[in-house]
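Here is the structure we will look at.
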Amino acid sequence: MVKMGKDYYVILGIKKGASEDDIKKAYRKQALRFHPDKNKSPGAEEKFKEIAEAYDVLSDHKKKDVYDRFGEEGLKGGGPTGGGPGGPGTFNYSFQGDPHVIFSEFFGGRNPFDQFFGNGGMGENMDTDDPFARFGMGSGGMGGLPRSFSTGMGGMGGHGGSSVVKRQDPPVVHELRVTLEEVFSGCTKKMKISHKRLNPDRQTIRTEDKILEVAIKRGWKEGTKITFPKEGDETHSNIPADVVFVLKDKPHPVFRRDGSDIIYPAKVSLKEALCGSTVIAPTLDGRTIPVTTTDIVRPGMKRRITGEGLPLSKSPSRRGDLVVEYEVTFPEKLSQNARDRIAQVLP
């Protein structure tokens with residue numbers, strides 16, 4: 001009996017023996033349902049990836065045939081897949097694809113959930129500190145090849161016979177790292193890209209540099225996407241890919257981010273934790289705020305300073321909180337006299 005492992009048919013909600021059209025319809029339905037831009041429930045991202053893997057296998061005749069006969073174990077190299085000419089062999093499938101790229105390709109190069117942001121005015125300086133400040137587009141976006149297909153419909157473009165219908169390459173996605181200070185104040189980044197373009201003769205290709213201005217709005221969250229349509233490589237047979245920048249927070253030496261809140265880890269001694277303390281908390285705009293407590297400080301205890309965090313992305317006039325998170329530092333050693341005195345005082 002074949003050990004199936006993952007049941008790709010169950011993942012897509014179809015029965016074994018489903019037609020190619022049924023597989024496409026099932027993928028469309030499930031991918032739209034569990035896309036992380038729409039479905040915020042826990043596990044949606046992993047489910048979205050499973051759906052992409054299931055579609056990647058079942059939409060490919062060779063992979064599907066191996067899977068139907070030998071299950072996931074045979075598909076992924078855990079068992080022989082013999083039976084054809086040349087004797088038994090081993091099929092070593094491993095899902096290495098990006099589920100978002102598969103989704104985009106399925107919908108013709110566009111993600112129906114993407115939010116397209118406009119770019120703002122020119123900044124003063126090129127972002128030379130950013131490791132992604134210069135990008136090459138490469139061929140066919142994120143490893144994909146230019147895609148085109150022929151149709152036998154006559155009369156298209158004024159000619160009988162076949163015509164080439166261009167399809168857009170998958171998006172070219174890059175991380176764009178920003179500091180908390182840049183998110184706090186807003187800024188404009190200039191990102192230099194290098195992409196291919198057809199010359200006026202529509203035959204030869206040149207490589208040209210272009211500066212894209214990325215306007216970082218106050219309070220934007222990590223993961224925010226900024227899309228520049230059709231700035232990827234242009235060839236005779238493709239529509240250039242969109243270039244997408246995805247915001248990523250740079251590690252901060254003092255704070256860490258939690259949505260629109262910023263966390264300040266404040267170290268206090270055991271004496272301060274038991275007897276009261278005043279912590280001088282810094283802010284992102286360079287001020288300091290004294291935070292006094294007479295309560296006994298337990299490890300992990302927090303104090304909120306309302307309105308001293310990052311701007312809210314959808315309402316920049318409002319701000320999150322500055323959260324002081326206490327860390328109690330214990331002494332490495334105590335004298336016997338100190339131990340005796342503490343033992344007399346503590347209950």
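Quick note on naming: the chains in the structure tokens go A, B, ... in the order shown, residues restart at 1 in each chain, and ligands are numbered from 1 in order of appearance.
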
Which residues come within 8 Å of range 246-260 of chain A, counting only C-alpha atoms, excluding same-chain residues fewer than 2 positions away, as a list in words? Val173, His174, Glu175, Leu176, Arg177, Val178, Thr179, Leu180, Gly219, Lys221, Glu222, Gly223, Thr224, Lys225, Ile226, Val244, Ile262, Ile263, Tyr264, Pro265, Gly309, Leu310, Pro311, Leu312, Arg319, Gly320 and Asp321 of chain A

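The gap separating CA of Ser315 in chain A from CA of His35 in chain A is 25.5 Å, in Å to one decimal.
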
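For the pair CA of Arg218 in chain A and CA of Ile305 in chain A, the separation is 19.7 Å.
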
Please report, as a VMD selection string, each residue of range 212-304 of chain A to which DSSP assigns strand (DSSP E or B) when run on this structure's backbone. chain A and resid 212 to 216 225 to 228 238 to 239 243 to 249 256 to 258 261 to 269 277 to 282 288 to 293 302 to 304

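Distance annotation: of A:Ala26, A:Leu284, A:Ile11, A:Ile342, the residue with the minimal separation from Ser185 in chain A is A:Leu284; atom set is only C-alpha atoms.
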
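The closest residue to Tyr67 in chain A, picked from A:Pro99, A:Tyr8, A:Lys230, A:Glu182 and counting only C-alpha atoms, is A:Tyr8.
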
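Near Ile23 in chain A, within 12 Å and counting only C-alpha atoms, sit Tyr8, Tyr9, Val10, Ile11, Leu12, Gly13, Ile14, Lys15, Lys16, Gly17, Ala18, Arg28, Lys29, Gln30, Ala31, Ile51, Ala52, Ala54, Tyr55, Asp56, Val57, Leu58, Ser59, Asp60, His61 and Lys64 of chain A; same-chain residues fewer than 5 positions away were not included.
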
Convert the current residue selection to file output with N, CA and C atoms, as a PDB file, in the first residue's frame.
ATOM      1  N   TYR A   8      -2.690  16.134  -1.358  1.00  0.00           N
ATOM      2  CA  TYR A   8      -2.836  17.374  -2.100  1.00  0.00           C
ATOM      3  C   TYR A   8      -4.267  17.580  -2.596  1.00  0.00           C
ATOM      4  N   TYR A   9      -4.968  16.485  -2.833  1.00  0.00           N
ATOM      5  CA  TYR A   9      -6.351  16.608  -3.294  1.00  0.00           C
ATOM      6  C   TYR A   9      -7.235  17.181  -2.184  1.00  0.00           C
ATOM      7  N   VAL A  10      -7.012  16.684  -0.955  1.00  0.00           N
ATOM      8  CA  VAL A  10      -7.785  17.197   0.183  1.00  0.00           C
ATOM      9  C   VAL A  10      -7.451  18.668   0.425  1.00  0.00           C
ATOM     10  N   ILE A  11      -6.164  19.027   0.281  1.00  0.00           N
ATOM     11  CA  ILE A  11      -5.745  20.412   0.495  1.00  0.00           C
ATOM     12  C   ILE A  11      -6.479  21.358  -0.454  1.00  0.00           C
ATOM     13  N   LEU A  12      -6.657  20.922  -1.715  1.00  0.00           N
ATOM     14  CA  LEU A  12      -7.368  21.755  -2.692  1.00  0.00           C
ATOM     15  C   LEU A  12      -8.880  21.554  -2.655  1.00  0.00           C
ATOM     16  N   GLY A  13      -9.337  20.545  -1.877  1.00  0.00           N
ATOM     17  CA  GLY A  13     -10.775  20.325  -1.770  1.00  0.00           C
ATOM     18  C   GLY A  13     -11.379  19.654  -2.993  1.00  0.00           C
ATOM     19  N   ILE A  14     -10.605  18.768  -3.648  1.00  0.00           N
ATOM     20  CA  ILE A  14     -11.097  18.057  -4.825  1.00  0.00           C
ATOM     21  C   ILE A  14     -10.847  16.563  -4.666  1.00  0.00           C
ATOM     22  N   LYS A  15     -11.410  15.777  -5.568  1.00  0.00           N
ATOM     23  CA  LYS A  15     -11.226  14.324  -5.530  1.00  0.00           C
ATOM     24  C   LYS A  15     -10.147  13.910  -6.512  1.00  0.00           C
ATOM     25  N   LYS A  16      -9.528  12.763  -6.202  1.00  0.00           N
ATOM     26  CA  LYS A  16      -8.527  12.213  -7.106  1.00  0.00           C
ATOM     27  C   LYS A  16      -9.190  11.936  -8.449  1.00  0.00           C
ATOM     28  N   GLY A  17      -8.523  12.266  -9.524  1.00  0.00           N
ATOM     29  CA  GLY A  17      -9.113  12.115 -10.850  1.00  0.00           C
ATOM     30  C   GLY A  17      -9.711  13.399 -11.365  1.00  0.00           C
ATOM     31  N   ALA A  18      -9.590  14.479 -10.578  1.00  0.00           N
ATOM     32  CA  ALA A  18     -10.126  15.771 -11.004  1.00  0.00           C
ATOM     33  C   ALA A  18      -9.431  16.232 -12.279  1.00  0.00           C
ATOM     34  N   ARG A  28      -7.717  28.417  -7.402  1.00  0.00           N
ATOM     35  CA  ARG A  28      -8.189  29.804  -7.369  1.00  0.00           C
ATOM     36  C   ARG A  28      -9.020  30.064  -6.115  1.00  0.00           C
ATOM     37  N   LYS A  29      -9.947  29.162  -5.830  1.00  0.00           N
ATOM     38  CA  LYS A  29     -10.847  29.329  -4.690  1.00  0.00           C
ATOM     39  C   LYS A  29     -10.086  29.307  -3.369  1.00  0.00           C
ATOM     40  N   GLN A  30      -9.208  28.305  -3.203  1.00  0.00           N
ATOM     41  CA  GLN A  30      -8.513  28.150  -1.923  1.00  0.00           C
ATOM     42  C   GLN A  30      -7.453  29.236  -1.722  1.00  0.00           C
ATOM     43  N   ALA A  31      -6.746  29.606  -2.815  1.00  0.00           N
ATOM     44  CA  ALA A  31      -5.707  30.631  -2.691  1.00  0.00           C
ATOM     45  C   ALA A  31      -6.304  31.986  -2.332  1.00  0.00           C
ATOM     46  N   ILE A  51      -1.300  25.145  -0.156  1.00  0.00           N
ATOM     47  CA  ILE A  51      -2.160  25.205  -1.348  1.00  0.00           C
ATOM     48  C   ILE A  51      -1.302  25.398  -2.598  1.00  0.00           C
ATOM     49  N   ALA A  52      -0.282  26.266  -2.499  1.00  0.00           N
ATOM     50  CA  ALA A  52       0.610  26.492  -3.635  1.00  0.00           C
ATOM     51  C   ALA A  52       1.375  25.226  -3.989  1.00  0.00           C
ATOM     52  N   ALA A  54       0.443  22.121  -3.373  1.00  0.00           N
ATOM     53  CA  ALA A  54      -0.511  21.165  -3.951  1.00  0.00           C
ATOM     54  C   ALA A  54      -0.767  21.483  -5.416  1.00  0.00           C
ATOM     55  N   TYR A  55      -0.944  22.756  -5.722  1.00  0.00           N
ATOM     56  CA  TYR A  55      -1.189  23.163  -7.113  1.00  0.00           C
ATOM     57  C   TYR A  55       0.048  22.925  -7.969  1.00  0.00           C
ATOM     58  N   ASP A  56       1.240  23.199  -7.405  1.00  0.00           N
ATOM     59  CA  ASP A  56       2.482  23.006  -8.145  1.00  0.00           C
ATOM     60  C   ASP A  56       2.640  21.551  -8.581  1.00  0.00           C
ATOM     61  N   VAL A  57       2.196  20.622  -7.733  1.00  0.00           N
ATOM     62  CA  VAL A  57       2.308  19.197  -8.052  1.00  0.00           C
ATOM     63  C   VAL A  57       1.200  18.752  -9.001  1.00  0.00           C
ATOM     64  N   LEU A  58      -0.051  19.054  -8.645  1.00  0.00           N
ATOM     65  CA  LEU A  58      -1.176  18.511  -9.400  1.00  0.00           C
ATOM     66  C   LEU A  58      -1.360  19.170 -10.763  1.00  0.00           C
ATOM     67  N   SER A  59      -0.798  20.359 -10.964  1.00  0.00           N
ATOM     68  CA  SER A  59      -0.926  21.017 -12.270  1.00  0.00           C
ATOM     69  C   SER A  59       0.178  20.595 -13.233  1.00  0.00           C
ATOM     70  N   ASP A  60       1.124  19.792 -12.747  1.00  0.00           N
ATOM     71  CA  ASP A  60       2.219  19.305 -13.583  1.00  0.00           C
ATOM     72  C   ASP A  60       1.998  17.814 -13.838  1.00  0.00           C
ATOM     73  N   HIS A  61       1.862  17.437 -15.100  1.00  0.00           N
ATOM     74  CA  HIS A  61       1.486  16.052 -15.419  1.00  0.00           C
ATOM     75  C   HIS A  61       2.489  15.040 -14.863  1.00  0.00           C
ATOM     76  N   LYS A  64       2.309  14.961 -10.992  1.00  0.00           N
ATOM     77  CA  LYS A  64       1.017  14.395 -10.604  1.00  0.00           C
ATOM     78  C   LYS A  64       1.004  12.879 -10.796  1.00  0.00           C
TER      79      LYS A  64
END

Write out as a list in words each polymer residue whose atoms come within 8 Å of Ile280 in chain A, counting only C-alpha atoms; drop sequence neighbours fewer than 4 positions from it. Thr288, Ile289, Pro290 and Val291 of chain A

Hey, could you make a per-residue contact list for range 194-213 of chain A against range 236-241 of chain A with 9 Å as the cut-off, showing the nearest pair of atoms and its distance in Å to one decimal, counting only C-alpha atoms, sorted by chain and number, as JSON lines?
{"residue": "A:Leu198", "atom": "CA", "partner": "A:His236", "partner_atom": "CA", "distance": 7.6}
{"residue": "A:Arg202", "atom": "CA", "partner": "A:His236", "partner_atom": "CA", "distance": 7.5}
{"residue": "A:Gln203", "atom": "CA", "partner": "A:His236", "partner_atom": "CA", "distance": 7.4}

What does the file look like for those residues with N, CA, C and O atoms, as a PDB file, in the first residue's frame?
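This is the output file part.pdb:
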ATOM      1  N   LEU A 198      13.858  47.872 -24.499  1.00  0.00           N
ATOM      2  CA  LEU A 198      13.952  47.789 -25.954  1.00  0.00           C
ATOM      3  C   LEU A 198      14.310  49.153 -26.528  1.00  0.00           C
ATOM      4  O   LEU A 198      13.781  50.177 -26.083  1.00  0.00           O
ATOM      5  N   ARG A 202      12.873  48.452 -31.637  1.00  0.00           N
ATOM      6  CA  ARG A 202      12.099  47.323 -31.111  1.00  0.00           C
ATOM      7  C   ARG A 202      12.773  45.987 -31.388  1.00  0.00           C
ATOM      8  O   ARG A 202      12.141  44.932 -31.332  1.00  0.00           O
ATOM      9  N   GLN A 203      14.083  46.010 -31.676  1.00  0.00           N
ATOM     10  CA  GLN A 203      14.813  44.788 -31.947  1.00  0.00           C
ATOM     11  C   GLN A 203      15.959  44.603 -30.950  1.00  0.00           C
ATOM     12  O   GLN A 203      16.086  43.544 -30.348  1.00  0.00           O
TER      13      GLN A 203
END

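Of the listed residues A:Gln336, A:Glu213, A:Leu32, A:Lys62, the one whose atoms come nearest to Glu45 in chain A is A:Leu32, with distances taken using only C-alpha atoms.
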
How far is it from CA of Lys40 in chain A to CA of Gly97 in chain A, in Å with one decimal? 21.9 Å
